[in-house]
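Novice: Before we start, here is the structure in question, set down as structure tokens.
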Amino acid sequence: MTPAPLDRPAPPEPLRHAGVNWIGLQTLYFREVRRFWKVGAQTVAGPVVTTLLYMLVFVVATQGSRPPLHGTPFPEFVAPGLIMMAMLNNAFANASSSLIQAKVMNTATDFLTPPLSPLELTVGFALGAATRGLVVGIVTAICVLPFADLSVANLPMVLGFGLAACLIMGMLGVFAGLWAQKFDQLAAVQNFVIMPMTFLSGTFYLVERLPEPFATASHFNPVFYLIDGFRAGFIGRAESDVGIGAIMALVLTVVLAWLCWAVFRSGWRLKS
């Protein structure tokens, strides 16, 4: 007689969520926030000190020698640009460093194994990066008050362009972190792409005063519109059409969100 076959239990089915996995999304978001908060001296205090050094060089050291720009005193003109530059750089760094570390240290399974959809991964990383950018921006704005008499002319414009800029750079950081295989490749993106885009976007000067073709080329830099709209929220005057800048920011946010969803869905350089 042949023994009766043993009943083997079926393998467990993966956990599925009918809607949004709010618990998983919240966990991923808090993971990204705690990453930079644990090393706040590096991720928050460091950028603030760098911005204050720029203020010392461009404002205190040249006090009285820089004329007003379109009727705005130079300290009040340059301060919003420096705040936005710190927000952009740190939003990019948060998402890109998180993904490159996960790949190098083989910890990507921490967010690939849980039942998180591509959309939830996109939202989690983007919001985590935006949170770091906004925290750095708020702390920086408070610290530059002794050097510049900042007043808010249009609060919705400040908040809108600030949030859009952090989301855009956070999602760009997702692409950079997925593309880079080594830390030096990520550093190359920061040094040769992100830094020129932020420095050559009218942070310290009026773009209209640049010689051609640089003045025209600056209007093809999306960071110029983000900084210009953010600054206009403080001083009440913009170099470009704020409406065009707002549309550009909205379109970039939507397009980058769709692309992030697509790369997470394909598992590009994460599952292969």
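Chain labels A, B, ... are given in the sequence in which chains occur in the structure tokens; within each chain residues are numbered consecutively from 1, and ligands are likewise numbered from 1 in the order shown.
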Pick out the residues sitting within 10 Å of Glu32 of chain A, and hand them over as number ranges by chain; count only C-alpha atoms, and ignore anything fewer than 5 positions along from it in its own chain.
Specialist: A: 26-27, 37, 94-95, 98, 124-129, 131-132
Novice: Could you write out that same residue set with N, CA, C and O atoms as a CSV table (one decimal), in the first residue's frame?
Specialist:
```csv
chain,number,residue,atom,x,y,z
A,26,GLN,N,2.5,55.7,5.6
A,26,GLN,CA,2.9,56.5,6.7
A,26,GLN,C,4.2,56.0,7.3
A,26,GLN,O,5.1,56.8,7.6
A,27,THR,N,4.4,54.7,7.3
A,27,THR,CA,5.7,54.2,7.8
A,27,THR,C,6.8,54.6,6.9
A,27,THR,O,7.9,55.0,7.4
A,37,TRP,N,16.3,63.4,10.4
A,37,TRP,CA,16.2,64.1,11.7
A,37,TRP,C,17.2,63.5,12.7
A,37,TRP,O,17.7,64.3,13.6
A,94,ASN,N,17.8,64.4,0.0
A,94,ASN,CA,17.2,63.4,0.9
A,94,ASN,C,16.7,62.2,0.1
A,94,ASN,O,17.0,61.1,0.5
A,95,ALA,N,16.1,62.4,-1.0
A,95,ALA,CA,15.6,61.2,-1.8
A,95,ALA,C,16.7,60.5,-2.5
A,95,ALA,O,16.8,59.3,-2.5
A,98,SER,N,18.9,58.5,0.1
A,98,SER,CA,18.1,57.4,0.6
A,98,SER,C,18.2,56.2,-0.3
A,98,SER,O,18.4,55.0,0.1
A,124,GLY,N,5.6,58.5,-0.8
A,124,GLY,CA,6.4,58.5,0.4
A,124,GLY,C,7.8,59.1,0.3
A,124,GLY,O,8.1,59.9,1.1
A,125,PHE,N,8.5,58.8,-0.8
A,125,PHE,CA,9.8,59.4,-1.0
A,125,PHE,C,9.7,60.9,-1.3
A,125,PHE,O,10.5,61.7,-0.8
A,126,ALA,N,8.7,61.3,-2.1
A,126,ALA,CA,8.6,62.7,-2.5
A,126,ALA,C,8.2,63.6,-1.2
A,126,ALA,O,8.8,64.6,-1.0
A,127,LEU,N,7.3,63.1,-0.4
A,127,LEU,CA,6.9,63.8,0.8
A,127,LEU,C,8.0,63.9,1.8
A,127,LEU,O,8.2,64.9,2.5
A,128,GLY,N,8.8,62.8,1.9
A,128,GLY,CA,9.9,62.8,2.8
A,128,GLY,C,10.9,63.8,2.4
A,128,GLY,O,11.4,64.6,3.3
A,129,ALA,N,11.2,63.9,1.1
A,129,ALA,CA,12.2,64.9,0.6
A,129,ALA,C,11.6,66.3,0.8
A,129,ALA,O,12.4,67.2,1.2
A,131,THR,N,9.6,67.4,3.0
A,131,THR,CA,9.6,67.7,4.4
A,131,THR,C,11.0,68.2,4.8
A,131,THR,O,11.1,69.3,5.5
A,132,ARG,N,12.0,67.6,4.4
A,132,ARG,CA,13.4,68.1,4.7
A,132,ARG,C,13.6,69.4,4.1
A,132,ARG,O,14.1,70.3,4.7
```
Novice: What's the 8 Å shell around Phe161 of chain A, counting only C-alpha atoms, without same-chain residues fewer than 3 positions away, as a PyMOL selection string?
Specialist: chain A and resi 157-158+164-165+226-227+229-230+246+249
Novice: Take the residues from that selection and put them in a file with C-alpha atoms, as a CSV table (one decimal), in the first residue's frame.
Specialist:
```csv
chain,number,residue,atom,x,y,z
A,157,MET,CA,2.8,82.3,-3.5
A,158,VAL,CA,5.6,81.6,-1.0
A,164,ALA,CA,6.3,72.7,-5.6
A,165,ALA,CA,10.1,73.2,-5.6
A,226,LEU,CA,10.8,78.5,-8.9
A,227,ILE,CA,13.2,81.0,-7.3
A,229,GLY,CA,8.1,83.1,-7.9
A,230,PHE,CA,9.2,82.3,-4.4
A,246,ALA,CA,3.1,78.4,-11.7
A,249,ALA,CA,5.8,74.1,-11.7
```
Novice: I'd like to know which residues of segment 29-171 of chain A are helix (DSSP H, G or I) (by DSSP, run on the backbone); could you write them as a ChimeraX atom specification?
Specialist: /A:29-37,40-60,74-104,109-112,118-144,155-171
Novice: What does the structure give for the distance between atom CA of Val136 of chain A and atom CA of Glu239 of chain A, in Å to one decimal?
Specialist: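 Atom-to-atom, atom CA of Val136 of chain A to atom CA of Glu239 of chain A, that is 25.2 Å.
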Novice: Restricting the calculation to only C-alpha atoms, which member of A:Met105, A:Val123, A:Ala180, A:Leu206 is positioned closest to Tyr29 of chain A?
Specialist: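 Comparing A:Met105, A:Val123, A:Ala180, A:Leu206 against Tyr29 of chain A, the winner is A:Val123.
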Novice: Determine, counting only C-alpha atoms, which protein, DNA and RNA residues have an atom within 7 Å of an atom of segment 49-61 of chain A; residues of the same chain fewer than 5 positions away are not included. Present the result as a PyMOL selection string.
Specialist: chain A and resi 75+82+144
Novice: Hey, what's within 10 Å of Ser151 of chain A if we count only C-alpha atoms and toss same-chain stuff fewer than 3 positions away? As a count of residues only, please?
Specialist: 9
